[in-house]
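Below: upload02.cif (mmCIF, C-alpha atoms)
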data_coords
#
loop_
_atom_site.label_atom_id
_atom_site.label_comp_id
_atom_site.auth_asym_id
_atom_site.auth_seq_id
_atom_site.Cartn_x
_atom_site.Cartn_y
_atom_site.Cartn_z
CA MET A 287 0.00 0.00 0.00
CA ILE A 288 3.00 2.29 0.35
CA ALA A 289 4.70 4.60 -2.11
CA CYS A 290 8.42 4.91 -1.41
CA SER A 291 8.76 8.70 -1.37
CA PHE A 292 11.28 8.81 1.46
CA GLY A 293 13.59 11.51 0.12
CA LEU A 294 17.03 10.97 -1.43
CA ILE A 295 18.84 9.82 1.71
CA ILE A 296 16.18 7.29 2.64
CA ILE A 297 15.91 6.04 -0.95
CA LEU A 298 19.65 5.47 -1.05
CA LYS A 299 19.51 3.75 2.33
CA ASN A 300 16.73 1.43 1.09
CA THR A 301 18.66 0.70 -2.11
CA ILE A 302 21.70 -0.34 -0.08
CA MET A 303 19.60 -2.47 2.26
CA LYS A 304 17.88 -4.19 -0.67
CA SER A 305 21.27 -4.85 -2.28
CA ILE A 306 22.54 -6.43 0.93
CA CYS A 307 19.39 -8.55 1.18
CA THR A 308 19.73 -9.62 -2.45
CA GLY A 309 23.38 -10.51 -1.89
CA ILE A 310 22.58 -12.65 1.12
CA LEU A 311 19.83 -14.53 -0.70
CA LEU A 312 21.99 -14.95 -3.81
CA SER A 313 24.83 -16.39 -1.73
CA PHE A 314 22.42 -18.80 -0.09
CA PHE A 315 20.98 -19.76 -3.45
CA LEU A 316 24.44 -20.41 -4.86
CA PHE A 317 25.29 -22.51 -1.80
CA MET A 318 22.19 -24.62 -2.32
CA THR A 319 22.76 -24.86 -6.06
CA ASN A 320 26.32 -26.09 -5.46
CA ALA A 321 25.04 -28.70 -3.02
CA TYR A 322 22.40 -29.91 -5.46
CA GLY A 323 24.97 -30.00 -8.25
CA GLN A 324 26.81 -32.66 -6.31
CA ASN A 325 24.05 -35.19 -7.01
CA ARG A 326 22.00 -34.21 -3.93
CA GLN A 327 18.33 -33.36 -4.12
CA PRO A 328 17.12 -30.54 -1.85
CA THR A 329 15.84 -31.89 1.43
CA VAL A 330 12.86 -30.69 3.46
CA LYS A 331 15.29 -28.92 5.77
CA ASP A 332 16.90 -27.16 2.79
CA SER A 333 13.50 -25.86 1.63
CA ILE A 334 12.49 -24.75 5.12
CA THR A 335 15.80 -22.96 5.70
CA PHE A 336 15.69 -21.24 2.30
CA PHE A 337 12.11 -20.07 2.84
CA TYR A 338 12.59 -18.74 6.35
CA ASN A 339 15.79 -16.91 5.43
CA ASP A 340 13.80 -15.06 2.77
CA LEU A 341 10.83 -14.34 5.06
CA LEU A 342 13.01 -13.10 7.92
CA SER A 343 15.11 -10.94 5.58
CA ASN A 344 11.92 -9.24 4.34
CA LEU A 345 10.72 -8.69 7.89
CA GLU A 346 14.07 -7.34 9.07
CA LEU A 347 14.23 -4.82 6.21
CA LYS A 348 10.59 -3.73 5.94
CA TYR A 349 8.56 -4.42 9.09
CA LEU A 350 7.25 -1.23 10.70
CA ASN A 351 8.66 -2.00 14.17
CA ARG A 352 11.83 -3.75 12.98
CA ALA A 353 14.06 -1.50 15.10
CA TYR A 354 12.66 -3.00 18.30
CA VAL A 355 13.35 -6.63 17.37
CA ASP A 356 16.42 -8.70 18.25
CA TRP A 357 16.70 -10.31 14.83
CA ALA A 358 19.61 -12.60 15.68
CA LYS A 359 17.55 -14.27 18.40
CA ILE A 360 14.40 -14.35 16.24
CA LYS A 361 16.23 -16.03 13.34
CA LYS A 362 17.83 -18.64 15.56
CA TYR A 363 14.60 -19.45 17.39
CA THR A 364 12.48 -19.46 14.21
CA LEU A 365 14.71 -21.94 12.36
CA GLU A 366 14.86 -24.20 15.41
CA GLN A 367 11.07 -24.32 15.55
CA ALA A 368 10.46 -24.59 11.80
CA LEU A 369 12.97 -27.39 11.33
CA LYS A 370 11.06 -29.57 13.80
CA ALA A 371 8.34 -29.99 11.16
CA ASP A 372 8.12 -33.24 9.19
CA ASP A 373 7.38 -31.41 5.92
CA PHE A 374 7.50 -27.92 4.45
CA SER A 375 3.74 -27.23 4.63
CA THR A 376 3.64 -28.11 8.33
CA SER A 377 6.56 -25.77 8.99
CA LEU A 378 4.50 -22.78 7.83
CA ALA A 379 2.61 -22.80 11.14
CA THR A 380 5.81 -21.38 12.64
CA THR A 381 5.11 -18.09 10.84
CA SER A 382 2.32 -17.39 13.33
CA VAL A 383 4.87 -17.77 16.12
CA VAL A 384 7.16 -15.32 14.29
CA PHE A 385 4.39 -12.73 13.89
CA ASP A 386 3.45 -13.08 17.56
CA THR A 387 7.04 -12.77 18.73
CA ILE A 388 7.70 -9.55 16.79
CA LYS A 389 4.19 -8.28 17.66
CA CYS A 390 3.10 -7.96 14.03
CA ASN A 391 -0.60 -8.56 14.63
CA HIS A 392 -1.56 -7.40 11.10
CA CYS A 393 0.97 -9.58 9.25
CA LYS A 394 -0.39 -12.60 7.38
CA LEU A 395 1.01 -15.39 5.23
CA PHE A 396 -0.91 -16.78 2.24
CA SER A 397 -0.12 -20.24 0.87
CA ASP A 398 -1.87 -23.14 -0.87
CA SER A 399 -1.97 -24.97 2.45
CA GLY A 400 -3.70 -22.12 4.28
CA PHE A 401 -3.44 -18.68 5.84
CA TYR A 402 -1.26 -17.95 8.85
CA GLY A 403 -1.49 -14.83 11.00
CA SER A 404 -0.81 -13.57 14.47
CA THR A 405 -2.77 -14.92 17.42
CA LEU A 406 -2.42 -11.62 19.30
CA ASN A 407 -5.45 -10.01 17.68
CA LYS A 408 -8.50 -8.94 19.60
CA GLN A 409 -10.89 -11.88 19.73
CA LEU A 410 -14.49 -11.32 18.67
CA SER A 411 -17.27 -13.69 19.65
CA GLN A 412 -20.89 -14.12 18.61
CA GLU A 413 -21.89 -12.06 21.64
CA ASP A 414 -20.27 -9.03 20.02
CA PHE A 415 -22.86 -9.01 17.23
CA SER A 416 -26.60 -9.10 16.79
CA ARG A 417 -28.28 -12.25 15.54
CA GLU A 418 -29.30 -10.40 12.36
CA PHE A 419 -25.69 -9.49 11.63
CA LEU A 420 -24.47 -13.06 12.14
CA VAL A 421 -27.19 -14.46 9.88
CA GLU A 422 -26.22 -12.03 7.12
CA LEU A 423 -22.50 -12.70 7.63
CA GLU A 424 -23.15 -16.41 7.14
CA LYS A 425 -24.50 -15.58 3.66
CA ASN A 426 -21.10 -14.11 2.71
CA PRO A 427 -22.52 -10.77 1.50
CA SER A 428 -21.09 -9.36 -1.72
CA PHE A 429 -20.81 -5.90 -3.23
CA GLN A 430 -24.24 -4.41 -3.85
CA VAL A 431 -25.70 -1.11 -5.00
CA LYS A 432 -29.40 -0.34 -4.68
CA ARG A 433 -31.93 2.37 -3.92
CA ILE A 434 -33.75 2.57 -0.60
CA ASN A 435 -36.44 4.96 0.60
CA LYS A 436 -37.00 6.29 -2.97
CA ASN A 437 -33.96 8.56 -3.26
CA ILE A 438 -31.23 7.16 -1.02
CA GLY A 439 -28.38 5.20 -2.57
CA TYR A 440 -27.07 2.20 -0.62
CA ILE A 441 -23.66 0.60 -1.23
CA ASN A 442 -22.68 -2.57 0.59
CA MET A 443 -18.91 -2.84 0.30
CA PRO A 444 -17.60 -5.93 2.13
CA GLY A 445 -13.96 -6.98 2.26
CA MET A 446 -12.48 -8.20 -1.02
CA LEU A 447 -9.54 -10.59 -0.95
CA MET A 448 -8.55 -10.85 -4.61
CA ILE A 449 -6.26 -13.61 -5.83
CA ASP A 450 -5.26 -11.88 -9.08
CA LEU A 451 -3.49 -8.68 -8.02
CA THR A 452 -2.40 -7.51 -11.48
CA GLN A 453 -3.40 -3.95 -12.27
CA ASP A 454 -5.64 -5.11 -15.13
CA ALA A 455 -7.59 -7.35 -12.74
CA LEU A 456 -7.90 -4.57 -10.15
CA ASN A 457 -9.02 -2.11 -12.84
CA ILE A 458 -11.73 -4.46 -14.10
CA GLU A 459 -13.07 -5.03 -10.58
CA ALA A 460 -12.96 -1.32 -9.76
CA GLN A 461 -14.73 -0.36 -13.01
CA LYS A 462 -17.55 -2.85 -12.42
CA MET A 463 -18.24 -1.39 -8.98
CA TYR A 464 -17.87 2.20 -10.18
CA ASP A 465 -20.29 1.64 -13.06
CA GLU A 466 -22.95 0.20 -10.74
CA ILE A 467 -22.71 3.21 -8.43
CA VAL A 468 -22.80 5.72 -11.29
CA GLU A 469 -25.68 3.94 -13.04
CA LEU A 470 -27.90 4.43 -10.01
CA GLN A 471 -26.66 7.98 -9.63
CA LYS A 472 -27.54 8.75 -13.26
CA THR A 473 -30.95 7.06 -13.48
CA LYS A 474 -32.40 8.07 -10.10
CA LYS A 475 -32.42 11.35 -8.24
CA ILE A 476 -30.16 10.24 -5.44
CA LYS A 477 -29.92 12.85 -2.68
CA GLY A 478 -27.51 10.95 -0.42
CA TRP A 479 -25.57 7.73 0.00
CA VAL A 480 -25.23 5.09 2.69
CA ILE A 481 -21.98 3.12 2.46
CA ASP A 482 -22.11 -0.04 4.55
CA LEU A 483 -18.68 -1.11 5.80
CA ARG A 484 -19.92 -3.38 8.58
CA PHE A 485 -18.80 -6.51 6.67
CA ASN A 486 -15.53 -5.02 5.43
CA GLY A 487 -12.89 -6.78 7.50
CA GLY A 488 -10.06 -6.33 5.00
CA GLY A 489 -8.84 -6.94 1.48
CA ASN A 490 -7.41 -4.90 -1.35
CA VAL A 491 -8.46 -1.29 -0.84
CA PHE A 492 -7.14 -0.03 -4.20
CA PRO A 493 -10.15 -1.04 -6.36
CA MET A 494 -12.60 -0.13 -3.58
CA LEU A 495 -11.44 3.48 -3.38
CA ALA A 496 -11.14 3.81 -7.16
CA ALA A 497 -14.75 2.60 -7.40
CA LEU A 498 -15.84 5.39 -5.03
CA HIS A 499 -14.30 8.13 -7.17
CA SER A 500 -17.72 9.62 -8.01
CA LEU A 501 -18.18 10.42 -4.29
CA LEU A 502 -14.59 11.16 -3.25
CA GLY A 503 -13.27 13.05 -6.27
CA ASP A 504 -9.62 14.00 -6.70
CA ASN A 505 -8.13 14.26 -3.24
CA ILE A 506 -5.79 12.76 -0.65
CA MET A 507 -7.31 9.54 0.64
CA TYR A 508 -4.85 8.80 3.42
CA ASN A 509 -1.17 8.89 4.33
CA ALA A 510 1.26 6.23 5.46
CA ILE A 511 3.75 7.22 8.16
CA ASP A 512 6.62 5.36 9.76
CA ASN A 513 7.57 5.06 13.43
CA GLU A 514 9.35 8.41 13.35
CA GLY A 515 6.31 10.21 11.98
CA ILE A 516 7.79 10.55 8.50
CA ASN A 517 5.25 10.45 5.69
CA ILE A 518 6.36 7.57 3.48
CA GLY A 519 3.33 7.36 1.21
CA ILE A 520 0.66 9.81 0.09
CA HIS A 521 -2.35 7.94 -1.32
CA THR A 522 -4.59 9.91 -3.66
CA LEU A 523 -7.42 9.67 -6.14
CA ARG A 524 -6.78 11.51 -9.40
CA LYS A 525 -8.98 11.33 -12.49
CA GLY A 526 -10.31 7.93 -11.48
CA GLY A 527 -6.92 6.49 -10.56
CA PHE A 528 -5.89 5.43 -7.08
CA TYR A 529 -2.24 6.38 -6.64
CA GLU A 530 0.44 5.33 -4.20
CA GLY A 531 2.75 8.28 -4.65
CA LYS A 532 3.17 8.48 -8.42
CA GLU A 533 2.28 4.84 -9.06
CA VAL A 534 -1.27 4.01 -10.13
CA LYS A 535 -2.62 0.96 -8.32
CA ALA A 536 -6.17 0.76 -9.68
CA LYS A 537 -8.03 2.94 -12.13
CA VAL A 538 -11.53 3.54 -13.46
CA ILE A 539 -12.59 5.52 -16.49
CA PRO A 540 -14.85 8.22 -14.97
CA SER A 541 -18.17 8.82 -16.70
CA ILE A 542 -19.49 11.64 -14.48
CA ILE A 543 -18.09 14.59 -12.57
CA PRO A 544 -17.63 13.56 -8.92
CA ASP A 545 -20.13 14.98 -6.42
CA THR A 546 -17.97 15.59 -3.36
CA GLU A 547 -20.67 17.39 -1.36
CA ILE A 548 -23.61 14.99 -1.61
CA PRO A 549 -24.28 13.65 1.94
CA VAL A 550 -22.64 10.31 2.74
CA ALA A 551 -23.27 8.17 5.83
CA LEU A 552 -20.77 5.40 6.55
CA LEU A 553 -21.90 2.43 8.63
CA ILE A 554 -19.09 0.95 10.69
CA GLY A 555 -18.85 -1.81 13.28
CA LYS A 556 -16.62 -4.14 15.25
CA LEU A 557 -15.77 -6.19 12.17
CA THR A 558 -14.80 -3.14 10.10
CA GLY A 559 -11.03 -3.36 9.82
CA SER A 560 -8.03 -2.80 7.58
CA SER A 561 -9.39 -1.85 4.13
CA GLY A 562 -12.76 -1.00 5.71
CA GLU A 563 -11.02 1.43 8.04
CA ASP A 564 -8.92 2.83 5.16
CA ILE A 565 -12.13 3.74 3.34
CA ALA A 566 -13.49 5.39 6.49
CA VAL A 567 -10.28 7.43 6.84
CA ALA A 568 -10.54 8.50 3.19
CA PHE A 569 -14.00 9.98 3.83
CA LYS A 570 -12.76 11.93 6.84
CA ASN A 571 -11.28 14.47 4.42
CA ARG A 572 -14.68 15.16 2.82
CA LYS A 573 -17.65 17.43 3.53
CA ASN A 574 -21.10 16.18 4.59
CA VAL A 575 -20.02 12.85 6.07
CA ILE A 576 -21.19 11.04 9.20
CA PHE A 577 -20.07 7.77 10.81
CA ILE A 578 -22.73 5.57 12.38
CA GLY A 579 -22.45 2.32 14.33
CA GLU A 580 -19.70 1.07 16.63
CA ASN A 581 -15.95 1.44 17.06
CA THR A 582 -14.03 -0.31 14.29
CA TYR A 583 -11.68 -3.26 14.85
CA GLY A 584 -8.43 -1.29 14.94
CA PHE A 585 -6.26 -2.40 12.02
CA LEU A 586 -5.12 1.04 10.88
CA THR A 587 -1.70 -0.10 9.78
CA GLY A 588 -0.63 -0.43 6.17
CA ASN A 589 0.39 -3.76 4.66
CA ASP A 590 2.40 -4.41 1.52
CA LEU A 591 2.20 -7.77 -0.22
CA TYR A 592 5.52 -9.47 -0.98
CA GLU A 593 6.35 -12.61 -2.96
CA LEU A 594 8.23 -15.35 -1.12
CA PRO A 595 9.67 -18.65 -2.38
CA TYR A 596 7.33 -21.49 -3.39
CA ALA A 597 4.47 -19.20 -4.56
CA ILE A 598 3.84 -17.93 -1.03
CA LYS A 599 2.93 -14.32 -0.24
CA VAL A 600 3.22 -12.30 2.94
CA ALA A 601 1.18 -9.23 3.88
CA LEU A 602 3.78 -7.30 5.83
CA THR A 603 3.00 -4.28 8.03
CA THR A 604 5.08 -1.30 6.94
CA SER A 605 3.26 1.84 8.16
CA TYR A 606 0.54 3.54 10.17
CA ILE A 607 -2.46 4.83 8.21
CA THR A 608 -3.39 8.44 8.94
CA ASP A 609 -5.90 10.91 7.57
CA ALA A 610 -5.06 13.66 5.09
CA HIS A 611 -3.67 15.79 7.95
CA GLU A 612 -1.41 12.96 9.15
CA LYS A 613 -3.50 12.40 12.26
CA TYR A 614 -3.44 8.80 13.46
CA GLN A 615 -6.18 6.98 15.35
CA ALA A 616 -5.98 3.34 16.43
CA TYR A 617 -9.60 2.85 15.32
CA ILE A 618 -12.54 4.83 13.95
CA THR A 619 -15.20 6.03 16.38
CA PRO A 620 -18.79 6.70 15.25
CA ASP A 621 -20.48 10.10 15.43
CA ILE A 622 -23.69 8.26 16.34
CA GLU A 623 -23.36 5.02 18.27
CA ILE A 624 -25.80 2.24 17.40
CA ILE A 625 -25.28 -1.16 19.03
CA LYS A 626 -26.80 -4.44 17.79
CA GLU A 627 -29.78 -2.93 15.96
CA ALA A 628 -29.26 -4.18 12.42
CA ASN A 629 -31.97 -5.33 10.03
CA PHE A 630 -30.80 -6.68 6.69
CA GLU A 631 -34.17 -8.06 5.64
CA ASP A 632 -35.57 -4.51 5.57
CA LEU A 633 -32.85 -1.86 5.60
CA THR A 634 -35.37 0.90 6.25
CA LYS A 635 -35.88 -0.71 9.68
CA ASP A 636 -32.16 -0.98 10.38
CA LYS A 637 -31.46 1.59 13.13
CA ASN A 638 -28.09 2.43 11.55
CA VAL A 639 -29.70 3.11 8.18
CA MET A 640 -32.54 5.05 9.81
CA GLU A 641 -30.02 7.41 11.41
CA ALA A 642 -28.22 7.70 8.08
CA ILE A 643 -31.44 8.71 6.33
CA LYS A 644 -32.13 11.32 9.02
CA PHE A 645 -28.68 12.80 8.44
CA ILE A 646 -29.13 12.88 4.67
CA ASN A 647 -32.55 14.54 5.00
CA THR A 648 -31.13 17.29 7.23
CA LYS A 649 -28.54 18.07 4.55
CA ASN A 650 -31.15 18.48 1.79
#
Same coordinates, now as structure tokens:
Amino acid sequence: MIACSFGLIIILKNTIMKSICTGILLSFFLFMTNAYGQNRQPTVKDSITFFYNDLLSNLELKYLNRAYVDWAKIKKYTLEQALKADDFSTSLATTSVVFDTIKCNHCKLFSDSGFYGSTLNKQLSQEDFSREFLVELEKNPSFQVKRINKNIGYINMPGMLMIDLTQDALNIEAQKMYDEIVELQKTKKIKGWVIDLRFNGGGNVFPMLAALHSLLGDNIMYNAIDNEGINIGIHTLRKGGFYEGKEVKAKVIPSIIPDTEIPVALLIGKLTGSSGEDIAVAFKNRKNVIFIGENTYGFLTGNDLYELPYAIKVALTTSYITDAHEKYQAYITPDIEIIKEANFEDLTKDKNVMEAIKFINTKN
């Protein structure tokens, strides 16, 4: 999620660090290649060692709180634990131990054999949600745009974990969502929007924010800052493109002029986290916005996705996410608190939506 706009000194520093990392991995690769060349097939231990050297090198160079970690101890302990596994897939469970040890509660590993994350995260139980919410969650709600109460637009934007992360794939997904929003905006006299983020627990935020260009316009969406408070990534929407610094991450072809003053109510809750919170932060820099519901989960740190050996990826925490004024909050708090009063069978009877409609009516 981060654009590397560190300034010349930091860029040079990163270039040197990356070169060192590359040199270490190349040396290890050559060592393994030499061993294999002597009529020896790579063993399970070889694969485990190669993988964890790469993972730990990425963490040591890029993890947000890397300065507070004793990496020599972590590397020694990690390899000891991983090498106890009977096979490579089983060894991947050790990554959860790594994330816990370095306190990276937002880090996550993605592999064919499963997902592995930290166990330090705040635990949510069924008691934290209404029965109506749990029933709807079980249905695995998808992106939806519709009209409620004659002239109110409703957007349900749940989390989206996309497998294909190429820009073309992100653009296609963003354009589909954008077109649905704009179609309703064009054909009906919409006087306000309700954006439901209660099911958005994370995913790729790039296409989500690009899809909301007609409501956000060209503006700063959020910033990424490091532990020293240095802004290391300005994230913006410009002409339908979501940019990380100067690099476009997802783009739509706009078909209307954005309406950045039409009232927007965002519904948030305990499950709203990561990309859901990023969207909420983006709307904080906009007029005529209200937040309704409950405190969000608290995953306002930025992750970058990195490729590891054996087609494995790691979402690695590299920054704090702040608003356009570089103000950081651990979670988003609602302007109007509504607890366990959802109704997804009839949204006009959902207390959160009812408050949203009241807000929109006062602005018209």
**Asked** For this file, the PyMOL selection byres ((chain A and resi 441) around 7) selects which residues, as a PyMOL selection string?
**Response** chain A and resi 430-432+439-440+442-443+480-482
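The residues returned by the PyMOL selection byres ((chain A and resi 577-585) around 7) for this structure are His392, Ala551, Leu552, Leu553, Ile554, Gly555, Lys556, Leu557, Thr558, Gly559, Ser560, Val575, Ile576, Leu586, Thr587, Ala616, Tyr617, Ile618, Thr619, Pro620, Asp621, Ile622, Glu623, Ile624, Ile625 and Asn638 of chain A.
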**Item:** Residue IDs satisfying the PyMOL selection byres ((chain A and resi 453-456) around 6), as a list of chain:residue names
**Value:**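 So the PyMOL selection byres ((chain A and resi 453-456) around 6), applied here, picks out A:Thr452, A:Asn457, A:Ile458, A:Glu459, A:Pro493, A:Ala536.
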**Coordinates-based distance that separates atom CA of A:Lys394 from atom CA of A:Leu345 (Å, one decimal)** =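 Atom CA of A:Lys394 lies at a distance of 11.8 Å from atom CA of A:Leu345.
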**Message:** Would you compute the distance between atom CA of A:Ile388 and atom CA of A:Leu451? Give it in Å to one decimal.
**Reply:**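 Atom CA of A:Leu451 lies at a distance of 27.2 Å from atom CA of A:Ile388.
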**Request:** Find the residue from A:Asn437, A:Thr380, A:Gln409, A:Asn589 that sits nearest to A:Asn490; use only C-alpha atoms when measuring.
**Result:**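 That would be A:Asn589, the residue with the smallest distance to A:Asn490.
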**Asked** Taking into account all atoms listed in the file, which residue in the set A:Val534, A:Met463, A:Leu447, A:Leu378 is nearest to A:Tyr338?
**Response**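 Going through A:Val534, A:Met463, A:Leu447, A:Leu378 one by one, the smallest distance to A:Tyr338 is for A:Leu378.
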**Message:** Neighbouring residues of A:Pro595 were defined as those with any atom within 10 Å, considering all atoms listed in the file; residues of the same chain fewer than 3 positions away were excluded. Please report them as a PyMOL selection string.
**Reply:** chain A and resi 333+336-338+340-341+598-599
